[in-house]
Structure formats: structure tokens, C-alpha cells
$ cat my_file-v7.tsv   # TSV, C-alpha atoms
chain	number	residue	atom	x	y	z
A	1	MET	CA	0.00	0.00	0.00
A	2	ILE	CA	1.28	3.42	-0.88
A	3	MET	CA	1.46	5.59	2.21
A	4	TYR	CA	1.18	9.28	1.39
A	5	LYS	CA	-0.03	12.63	2.65
A	6	PRO	CA	-3.25	13.53	0.79
A	7	GLY	CA	-2.62	17.28	0.99
A	8	GLU	CA	0.77	17.20	-0.76
A	9	TRP	CA	-0.14	17.00	-4.44
A	10	TRP	CA	3.29	17.53	-5.97
A	11	ASN	CA	5.02	14.92	-3.84
A	12	ALA	CA	2.22	12.45	-4.55
A	13	LEU	CA	2.51	13.08	-8.30
A	14	TRP	CA	6.28	12.68	-8.10
A	15	HIS	CA	5.85	9.17	-6.67
A	16	PHE	CA	3.05	8.18	-9.02
A	17	HIS	CA	5.51	6.18	-11.13
A	18	THR	CA	5.90	3.67	-8.28
A	19	THR	CA	2.56	2.08	-9.18
A	20	LYS	CA	2.57	-0.79	-11.66
A	21	VAL	CA	-0.83	0.30	-12.94
A	22	LEU	CA	0.67	3.50	-14.37
A	23	TRP	CA	3.03	1.65	-16.73
A	24	VAL	CA	0.31	-0.72	-17.92
A	25	LEU	CA	-1.96	2.26	-18.47
A	26	LEU	CA	0.64	4.26	-20.40
A	27	ARG	CA	1.31	1.32	-22.73
A	28	ARG	CA	-2.38	1.00	-23.52
A	29	VAL	CA	-2.80	4.73	-24.02
A	30	ALA	CA	0.19	4.66	-26.38
A	31	LEU	CA	-1.50	1.93	-28.44
A	32	VAL	CA	-4.65	4.04	-28.58
A	33	GLY	CA	-2.53	7.00	-29.72
A	34	LEU	CA	-1.05	4.96	-32.57
A	35	TYR	CA	-4.51	3.85	-33.67
A	36	VAL	CA	-5.92	7.38	-33.59
A	37	ALA	CA	-2.88	8.78	-35.40
A	38	ALA	CA	-3.33	6.22	-38.19
A	39	VAL	CA	-7.04	7.02	-38.51
A	40	THR	CA	-6.35	10.78	-38.47
A	41	VAL	CA	-3.65	10.69	-41.14
A	42	ALA	CA	-5.74	8.42	-43.35
A	43	GLN	CA	-8.81	10.64	-42.99
A	44	LEU	CA	-7.10	14.00	-43.49
A	45	GLU	CA	-4.50	13.09	-46.10
A	46	TYR	CA	-5.77	10.18	-48.18
A	47	PHE	CA	-9.48	9.37	-48.15
A	48	GLN	CA	-12.73	9.97	-46.32
A	49	PHE	CA	-14.11	7.23	-44.08
A	50	LEU	CA	-17.73	6.34	-44.69
A	51	LEU	CA	-18.22	5.78	-40.95
A	52	LYS	CA	-19.82	8.79	-39.29
A	53	VAL	CA	-21.05	8.87	-35.70
A	54	GLU	CA	-23.45	11.59	-34.62
A	55	ARG	CA	-22.39	13.58	-31.57
A	56	GLU	CA	-25.75	13.16	-29.85
A	57	TYR	CA	-25.57	9.38	-30.07
A	58	PHE	CA	-21.95	9.39	-28.95
A	59	SER	CA	-22.83	11.60	-25.98
A	60	PHE	CA	-25.55	9.13	-25.02
A	61	LEU	CA	-22.99	6.30	-25.09
A	62	GLY	CA	-20.68	8.41	-22.93
A	63	ILE	CA	-23.38	8.85	-20.29
A	64	LEU	CA	-24.03	5.10	-20.19
A	65	LEU	CA	-20.31	4.37	-19.93
A	66	SER	CA	-19.83	6.88	-17.12
A	67	LEU	CA	-22.61	5.22	-15.11
A	68	LEU	CA	-21.01	1.80	-15.62
A	69	LEU	CA	-17.60	3.08	-14.56
A	70	VAL	CA	-19.02	4.68	-11.42
A	71	PHE	CA	-20.66	1.39	-10.46
A	72	ARG	CA	-17.47	-0.53	-11.32
A	73	THR	CA	-15.25	1.73	-9.24
A	74	ASN	CA	-17.61	1.79	-6.27
A	75	THR	CA	-17.94	-2.00	-6.31
A	76	ALA	CA	-14.16	-2.45	-6.36
A	77	TYR	CA	-13.62	0.06	-3.56
A	78	ASP	CA	-16.33	-1.58	-1.45
A	79	ARG	CA	-14.38	-4.83	-1.64
A	80	TYR	CA	-11.17	-3.02	-0.75
A	81	TYR	CA	-12.74	-1.23	2.21
A	82	GLU	CA	-14.45	-4.41	3.41
A	83	GLY	CA	-11.08	-6.18	3.42
A	84	ARG	CA	-9.56	-3.38	5.51
A	85	ARG	CA	-12.55	-3.42	7.85
A	86	GLN	CA	-12.17	-7.15	8.46
A	87	TRP	CA	-8.50	-6.73	9.29
A	88	GLY	CA	-9.44	-3.90	11.64
A	89	GLN	CA	-11.83	-6.26	13.41
A	90	LEU	CA	-9.07	-8.89	13.57
A	91	ILE	CA	-6.73	-6.38	15.20
A	92	GLY	CA	-9.39	-5.48	17.76
A	93	ALA	CA	-10.27	-9.10	18.52
A	94	SER	CA	-6.61	-10.05	18.96
A	95	ARG	CA	-5.97	-7.17	21.34
A	96	ASN	CA	-9.11	-7.96	23.33
A	97	LEU	CA	-8.14	-11.61	23.66
A	98	ALA	CA	-4.69	-10.57	24.84
A	99	ALA	CA	-6.17	-8.06	27.30
A	100	VAL	CA	-8.56	-10.60	28.86
A	101	LEU	CA	-5.85	-13.25	29.10
A	102	SER	CA	-3.40	-10.75	30.59
A	103	ALA	CA	-5.92	-9.82	33.28
A	104	VAL	CA	-6.74	-13.45	34.10
A	105	LEU	CA	-3.32	-15.07	33.97
A	106	PRO	CA	-1.04	-14.42	36.96
A	107	ALA	CA	2.12	-12.44	36.31
A	108	GLU	CA	4.29	-15.47	37.13
A	109	ALA	CA	2.57	-17.61	34.45
A	110	ALA	CA	5.25	-16.67	31.92
A	111	GLN	CA	4.86	-19.83	29.81
A	112	HIS	CA	1.14	-19.26	29.31
A	113	ARG	CA	1.69	-15.61	28.40
A	114	ILE	CA	4.37	-16.51	25.86
A	115	PHE	CA	2.12	-19.21	24.41
A	116	TYR	CA	-0.82	-16.89	23.83
A	117	ALA	CA	1.28	-13.98	22.56
A	118	ARG	CA	2.89	-16.20	19.95
A	119	MET	CA	-0.26	-18.06	19.00
A	120	LEU	CA	-2.25	-14.86	18.43
A	121	ALA	CA	0.64	-13.43	16.43
A	122	ASN	CA	0.85	-16.62	14.38
A	123	PHE	CA	-2.84	-16.50	13.58
A	124	ALA	CA	-2.46	-13.06	11.95
A	125	LEU	CA	0.74	-14.05	10.14
A	126	SER	CA	-0.82	-17.28	8.89
A	127	LEU	CA	-3.93	-15.48	7.64
A	128	GLU	CA	-1.75	-13.06	5.70
A	129	GLY	CA	0.09	-15.95	4.05
A	130	HIS	CA	-3.13	-17.90	3.48
A	131	LEU	CA	-4.79	-15.01	1.66
A	132	ARG	CA	-1.70	-14.59	-0.51
A	133	GLU	CA	-1.35	-18.36	-1.00
A	134	ASN	CA	2.17	-18.32	0.40
A	135	VAL	CA	2.45	-19.08	4.11
A	136	VAL	CA	6.05	-18.52	5.23
A	137	TYR	CA	6.33	-21.00	8.10
A	138	ASP	CA	9.81	-19.80	9.05
A	139	GLN	CA	8.33	-16.40	9.97
A	140	LEU	CA	5.92	-17.91	12.49
A	141	GLU	CA	6.77	-17.70	16.16
A	142	ALA	CA	8.05	-20.95	17.73
A	143	VAL	CA	5.49	-22.20	20.26
A	144	ASP	CA	6.20	-24.90	22.84
A	145	GLY	CA	3.90	-27.87	22.41
A	146	VAL	CA	2.93	-26.96	18.83
A	147	ALA	CA	4.82	-29.01	16.24
A	148	THR	CA	5.81	-27.20	13.06
A	149	ALA	CA	5.19	-30.39	11.09
A	150	GLY	CA	1.58	-30.40	12.25
A	151	LEU	CA	1.15	-26.80	11.11
A	152	ARG	CA	2.65	-27.55	7.72
A	153	ALA	CA	0.25	-30.46	7.26
A	154	ALA	CA	-2.82	-28.31	7.93
A	155	ASP	CA	-4.98	-27.54	4.90
A	156	HIS	CA	-6.25	-24.34	6.53
A	157	LEU	CA	-3.63	-23.03	8.92
A	158	PRO	CA	-5.70	-20.20	10.50
A	159	THR	CA	-8.41	-22.71	11.48
A	160	LYS	CA	-5.77	-25.06	12.90
A	161	LEU	CA	-4.35	-22.30	15.08
A	162	ALA	CA	-7.80	-21.15	16.20
A	163	THR	CA	-8.61	-24.74	17.18
A	164	LEU	CA	-5.40	-24.99	19.22
A	165	LEU	CA	-6.26	-21.72	20.97
A	166	GLN	CA	-9.74	-22.97	21.85
A	167	ALA	CA	-8.33	-26.25	23.15
A	168	SER	CA	-5.88	-24.34	25.35
A	169	TYR	CA	-8.72	-22.36	26.94
A	170	GLU	CA	-10.53	-25.58	27.78
A	171	GLN	CA	-7.36	-27.06	29.25
A	172	LEU	CA	-6.83	-24.05	31.50
A	173	HIS	CA	-10.47	-24.28	32.53
A	174	LYS	CA	-10.01	-27.91	33.57
A	175	THR	CA	-6.98	-27.01	35.70
A	176	GLY	CA	-8.87	-24.16	37.33
A	177	GLU	CA	-6.71	-21.38	35.87
A	178	LEU	CA	-9.66	-20.07	33.85
A	179	GLN	CA	-13.16	-19.82	35.25
A	180	ALA	CA	-16.38	-20.31	33.27
A	181	VAL	CA	-16.96	-16.56	33.27
A	182	HIS	CA	-13.56	-16.08	31.67
A	183	LEU	CA	-14.47	-18.49	28.87
A	184	LEU	CA	-17.61	-16.49	28.23
A	185	GLN	CA	-15.48	-13.32	27.98
A	186	LEU	CA	-13.08	-14.95	25.53
A	187	GLN	CA	-15.58	-16.59	23.17
A	188	PRO	CA	-16.83	-13.49	21.27
A	189	TYR	CA	-13.27	-12.41	20.48
A	190	GLN	CA	-12.17	-15.97	19.69
A	191	GLY	CA	-15.05	-16.34	17.24
A	192	SER	CA	-14.15	-13.04	15.61
A	193	LEU	CA	-10.82	-14.49	14.48
A	194	LEU	CA	-12.36	-17.05	12.13
A	195	GLU	CA	-15.18	-14.71	11.16
A	196	ALA	CA	-12.62	-12.21	9.87
A	197	ALA	CA	-10.73	-14.99	8.09
A	198	GLY	CA	-13.93	-16.24	6.44
A	199	ALA	CA	-14.95	-12.76	5.32
A	200	CYS	CA	-11.53	-12.16	3.74
A	201	GLU	CA	-11.72	-15.51	1.93
A	202	ARG	CA	-15.16	-14.57	0.62
A	203	ILE	CA	-13.78	-11.35	-0.86
A	204	ARG	CA	-10.80	-13.14	-2.41
A	205	SER	CA	-12.74	-16.05	-3.90
A	206	THR	CA	-15.69	-14.06	-5.28
A	207	PRO	CA	-14.47	-11.85	-8.13
A	208	ILE	CA	-16.58	-9.44	-10.13
A	209	PRO	CA	-18.81	-11.59	-12.42
A	210	PHE	CA	-17.05	-12.33	-15.72
A	211	SER	CA	-19.97	-11.22	-17.88
A	212	TYR	CA	-20.01	-7.79	-16.25
A	213	SER	CA	-16.24	-7.38	-16.42
A	214	PHE	CA	-16.17	-8.48	-20.08
A	215	PHE	CA	-19.06	-6.17	-20.97
A	216	ILE	CA	-17.49	-3.03	-19.54
A	217	LYS	CA	-14.12	-3.81	-21.17
A	218	GLY	CA	-15.85	-4.30	-24.51
A	219	PHE	CA	-17.84	-1.08	-24.06
A	220	ILE	CA	-14.67	0.92	-23.31
A	221	THR	CA	-12.95	-0.58	-26.35
A	222	VAL	CA	-15.81	0.25	-28.75
A	223	PHE	CA	-16.20	3.74	-27.28
A	224	THR	CA	-12.48	4.45	-27.70
A	225	LEU	CA	-12.41	3.09	-31.26
A	226	LEU	CA	-15.34	5.31	-32.27
A	227	MET	CA	-14.03	8.46	-30.58
A	228	PRO	CA	-11.77	9.72	-33.43
A	229	PHE	CA	-14.58	9.45	-36.00
A	230	VAL	CA	-16.66	11.86	-33.91
A	231	LEU	CA	-13.89	14.41	-33.30
A	232	LEU	CA	-11.89	14.43	-36.54
A	233	ASP	CA	-14.00	16.95	-38.46
A	234	THR	CA	-13.77	19.47	-35.61
A	235	TYR	CA	-10.27	19.03	-34.18
A	236	GLY	CA	-8.17	17.64	-37.02
A	237	TYR	CA	-4.77	16.48	-35.82
A	238	PHE	CA	-5.59	17.59	-32.28
A	239	THR	CA	-7.87	14.56	-32.20
A	240	VAL	CA	-4.87	12.41	-31.31
A	241	PRO	CA	-4.02	13.99	-27.92
A	242	ILE	CA	-7.71	14.56	-27.12
A	243	VAL	CA	-8.58	10.88	-27.58
A	244	MET	CA	-5.47	9.80	-25.66
A	245	ILE	CA	-6.53	11.93	-22.68
A	246	GLY	CA	-10.01	10.40	-22.79
A	247	ALA	CA	-8.54	6.89	-23.05
A	248	TYR	CA	-6.26	7.64	-20.10
A	249	ALA	CA	-9.29	8.39	-17.92
A	250	LEU	CA	-11.42	5.47	-19.09
A	251	LEU	CA	-8.71	2.82	-19.06
A	252	GLY	CA	-7.28	4.17	-15.80
A	253	LEU	CA	-10.56	3.78	-13.92
A	254	GLU	CA	-10.95	0.22	-15.18
A	255	LEU	CA	-7.37	-0.73	-14.26
A	256	ILE	CA	-7.70	0.76	-10.78
A	257	GLY	CA	-10.89	-1.23	-10.27
A	258	GLU	CA	-9.13	-4.42	-11.36
A	259	GLU	CA	-6.26	-3.81	-8.94
A	260	ILE	CA	-8.22	-3.03	-5.79
A	261	GLU	CA	-11.06	-5.55	-6.23
A	262	ASN	CA	-8.71	-8.16	-4.71
A	263	PRO	CA	-7.11	-6.17	-1.87
A	264	PHE	CA	-4.99	-9.01	-0.53
A	265	GLY	CA	-2.35	-9.21	-3.27
A	266	LEU	CA	1.12	-7.70	-3.53
A	267	GLU	CA	0.37	-4.81	-5.87
A	268	SER	CA	1.31	-1.31	-4.75
A	269	ASN	CA	-2.31	-0.36	-4.02
A	270	ASP	CA	-3.28	-3.53	-2.15
A	271	LEU	CA	-3.71	-3.69	1.61
A	272	PRO	CA	-0.46	-3.82	3.66
A	273	LEU	CA	-1.23	-7.22	5.21
A	274	THR	CA	2.36	-7.78	6.32
A	275	GLN	CA	2.33	-4.52	8.25
A	276	LEU	CA	-1.10	-5.23	9.77
A	277	ALA	CA	-0.15	-8.77	10.81
A	278	ASN	CA	3.03	-7.53	12.45
A	279	ARG	CA	1.09	-4.78	14.18
A	280	ILE	CA	-1.02	-7.51	15.80
A	281	ARG	CA	2.15	-9.35	16.80
A	282	VAL	CA	3.56	-6.25	18.48
A	283	SER	CA	0.28	-5.44	20.24
A	284	VAL	CA	-0.38	-8.88	21.73
A	285	HIS	CA	3.21	-9.22	22.95
A	286	GLU	CA	2.99	-5.81	24.59
A	287	VAL	CA	-0.38	-6.48	26.24
A	288	LEU	CA	0.73	-9.85	27.60
A	289	GLY	CA	4.07	-8.48	28.78
A	290	VAL	CA	6.19	-10.68	26.52
A	291	PRO	CA	9.40	-9.16	25.10
A	292	LEU	CA	9.70	-8.90	21.32
A	293	PRO	CA	12.96	-8.16	19.42
A	294	ASP	CA	13.27	-4.69	17.96
A	295	HIS	CA	13.66	-5.94	14.38
A	296	LYS	CA	10.24	-7.59	14.62
A	297	LYS	CA	8.70	-4.48	16.12
A	298	ALA	CA	10.03	-2.43	13.21
A	299	LEU	CA	8.01	-4.52	10.72
A	300	ALA	CA	4.78	-3.08	12.13
A	301	ASP	CA	5.77	0.45	11.09
A	302	LEU	CA	7.27	-0.35	7.71
A	303	PRO	CA	4.92	0.69	4.87
A	304	TYR	CA	5.52	-0.35	1.27
A	305	THR	CA	6.13	3.17	-0.03
A	306	ILE	CA	6.48	6.48	1.78
A	307	VAL	CA	5.65	9.79	0.12
A	308	HIS	CA	6.98	12.59	2.35
$ encode --input "my_file-v7.tsv" --output "C-alpha cells"
Amino acid sequence: MIMYKPGEWWNALWHFHTTKVLWVLLRRVALVGLYVAAVTVAQLEYFQFLLKVEREYFSFLGILLSLLLVFRTNTAYDRYYEGRRQWGQLIGASRNLAAVLSAVLPAEAAQHRIFYARMLANFALSLEGHLRENVVYDQLEAVDGVATAGLRAADHLPTKLATLLQASYEQLHKTGELQAVHLLQLQPYQGSLLEAAGACERIRSTPIPFSYSFFIKGFITVFTLLMPFVLLDTYGYFTVPIVMIGAYALLGLELIGEEIENPFGLESNDLPLTQLANRIRVSVHEVLGVPLPDHKKALADLPYTIVH
């Protein structure tokens, strides 16, 4: 995710080249420019095209396209915001679990505190890897009594870790270290862990319907191809830059929608899951009073890109 200061326009524009979308967009706009230049030269220097598009009809198509693009952009941003909201709920649930456990567990129960700090941190780290289909097991915290081989064999690592957490609560309840009222306090936050994971999986596995995506791409293509035939008689050779500017806006909105509709990837505008997962790790260690090395703490404050 690109971290920037919204009020500083010039610095933001200076770092605009850091997005992959820009280079894809510029290549497509350049292809549009070549097409329009060929049509313009042919029309003005060699022969007259029989194809004529009335401005009124073209304006009507523009209104329809603008409505589609608004819906497309809003839908993509809703998915992006929902992903961030679910991770916000995960951060809150993790901190609440750590706070309740810290209040219940005695200060001398160092092993239990370490266990829960690392397990809660591992849940966030595993969910990040699961959503990106690349769980890095070496980055997980080592937990006594939890075999790495068992974690590697799990088909759904976040569920495995949540199950181990639930089993640990029941074990502490049997030994009398947790009372029934404490279990009732923990359950809403424990359930929120898998609820957040399920919501994120729903966003990732349910893309925009193909028919809708194909339709809007086809509409943009036809609209762009027709644009020079509407403008040539009025603007002559200036049609080339005018159409390229229009294509920049249309294609840019579609590409942005494509990028943010799956907010869990590694593109520059996707959610900073690594940072969020490490923020949970820092928080739960701090709440439970478990030391954490400085180099791990630094990962929670390390954005992908900084625009000063």
C-alpha cells in the first residue's frame, strides 16, 4: 500500500511512477494513440471514411459508460474497504483476547503468556500468508507444544491455530486457571478471528462476475475506437491527444478497479497485510508483557512506499 499525505499533491505526483498500474496504463494509451494517429492521417491526407457517428448518439454512449464506470469503481472500492474493515476487526479481537488473558493469567505464568502472545501473532501471520497463498512457516513464532510439522500439514492453517487456541482455553479451565466466566469473555473475540478470516476468503474467492467485467471492457474498447470518428471533423490532428486523454481516464478507472477488487495481493495499491499482521504481533506481545525483538517491532511500522 502506498502511504502518502493527501494534501501534498506535488510529492504524490512525483511518486506516481511507483505504481505498476501506471506503466500498464501508459502502454495501452500509447496503443490508442497509434490507432488514432493512423485514422487521423488516413482521414485527413488520403481518403474519407464512410463511418460517421453523430455527436448526440456518442454523448448518449458516454453517459451510459460513465454510469457503468461509477458502479465498477464503487464496487471495487467496497471490496477493498471491506477487506480493511475485516482486518481492523481482527486487530481489535486479537488485542481484546490478549487483554482478557493478561488480566486473568497471573504475572508469574510466563509460559502461558508466551504461548498466547505467539499463537495470536501466528494467527495473523498465517492469515496473511493464506490469503496470498504463500504461508512462510519460518516467519511464524516458535510455540512450545505446537509441532511445526503439524502446522505444515494443515490444509487451513488459520483454522488449525484457532482450534489450538480454543483447546488451550478448555485445558486451563479444567486445571482451574480459567473460570467459566472467563471463557464467556473470551468466546466473542475468539469467534471473531475465524469470522474475519472467512470474510476475507469470501472477498478473495468471489471476483466481479465475468460477464459484467467483459461487458465493460468491450464497451470501453468500442467507445475508444469510435471516438476519433466523432472528433476528426472538428479538431483535425488535435484529435490524437484529445482521444489519448479520454482513453487515459477510461482505461485508468478500469485498471484501478481491477487492482483493488482483490485487496490481498502484492500490488502497490493492495492492503499492507504484512504490516497489519506484524502490528497484531507487536500489540499482543505488549499487552501480555512478553518481550519482542526490535527488528520484529520495526516490521509493524514499515509501509511499502512512503511519500513525504
$ closest_residue --input "my_file-v7.tsv" --among "A:Arg113, A:Asn74, A:Glu108, A:Leu67" --to "Val287 (chain A)" --atoms "only C-alpha atoms"
A:Arg113
$ axis_aligned_box --input "my_file-v7.tsv" --around "region 110-129 of chain A" --padding-each-side "8 Å" --output "AutoDock Vina command-line options"
--center_x 0.7 --center_y -16.4 --center_z 18.0 --size_x 25.2 --size_y 22.8 --size_z 43.9
$ closest_residue --input "my_file-v7.tsv" --among "A:Phe115, A:Leu64, A:Leu140, A:Leu186" --to "Leu164 (chain A)" --atoms "all atoms listed in the file"
A:Phe115
$ atom_distance --input "my_file-v7.tsv" --atom1 "CA of Ile114 (chain A)" --atom2 "CA of Leu161 (chain A)"
15.0 Å
$ closest_atom_pairs --input "my_file-v7.tsv" --of "region 265-291 of chain A" --to "region 76-99 of chain A" --cutoff "7 Å" --atoms "all atoms listed in the file" --output "tab-separated table"
residue	atom	partner	partner_atom	distance
A:Ile280	CA	A:Ile91	CA	5.9
A:Ser283	CA	A:Arg95	CA	6.6
A:Val284	CA	A:Ala98	CA	5.6
A:Val287	CA	A:Ala99	CA	6.1
A:Leu288	CA	A:Ala98	CA	6.1
$ residues_around --input "my_file-v7.tsv" --residues "Lys217 (chain A)" --least-positions-apart "3" --cutoff "12 Å" --atoms "all atoms listed in the file" --output "list of chain:residue names"
A:Leu65, A:Leu68, A:Leu69, A:Arg72, A:Phe210, A:Ser211, A:Tyr212, A:Ser213, A:Phe214, A:Ile220, A:Thr221, A:Val222, A:Phe223, A:Thr224, A:Leu250, A:Leu251, A:Gly252, A:Leu253, A:Glu254, A:Leu255, A:Gly257, A:Glu258
$ closest_atom_pairs --input "my_file-v7.tsv" --of "region 202-292 of chain A" --to "region 22-45 of chain A" --cutoff "8 Å" --atoms "all atoms listed in the file" --output "Markdown table"
| residue | atom | partner | partner_atom | distance |
| --- | --- | --- | --- | --- |
| A:Thr224 | CA | A:Val32 | CA | 7.9 |
| A:Pro228 | CA | A:Val36 | CA | 6.3 |
| A:Leu232 | CA | A:Thr40 | CA | 6.9 |
| A:Gly236 | CA | A:Thr40 | CA | 7.2 |
| A:Tyr237 | CA | A:Thr40 | CA | 6.5 |
| A:Thr239 | CA | A:Thr40 | CA | 7.5 |
| A:Val240 | CA | A:Val36 | CA | 5.6 |
| A:Pro241 | CA | A:Gly33 | CA | 7.4 |
| A:Val243 | CA | A:Val36 | CA | 7.4 |
| A:Met244 | CA | A:Gly33 | CA | 5.7 |
| A:Ala247 | CA | A:Val29 | CA | 6.2 |
| A:Tyr248 | CA | A:Val29 | CA | 6.0 |
| A:Leu251 | CA | A:Leu25 | CA | 6.8 |
| A:Gly252 | CA | A:Leu25 | CA | 6.3 |
| A:Leu255 | CA | A:Leu25 | CA | 7.5 |
$ residues_around --input "my_file-v7.tsv" --residues "Thr148 (chain A)" --least-positions-apart "3" --cutoff "8 Å" --atoms "all atoms listed in the file" --output "list in words"
Tyr137, Leu151 and Arg152 of chain A
$ atom_distance --input "my_file-v7.tsv" --atom1 "CA of Leu127 (chain A)" --atom2 "CA of Gln275 (chain A)"
12.6 Å
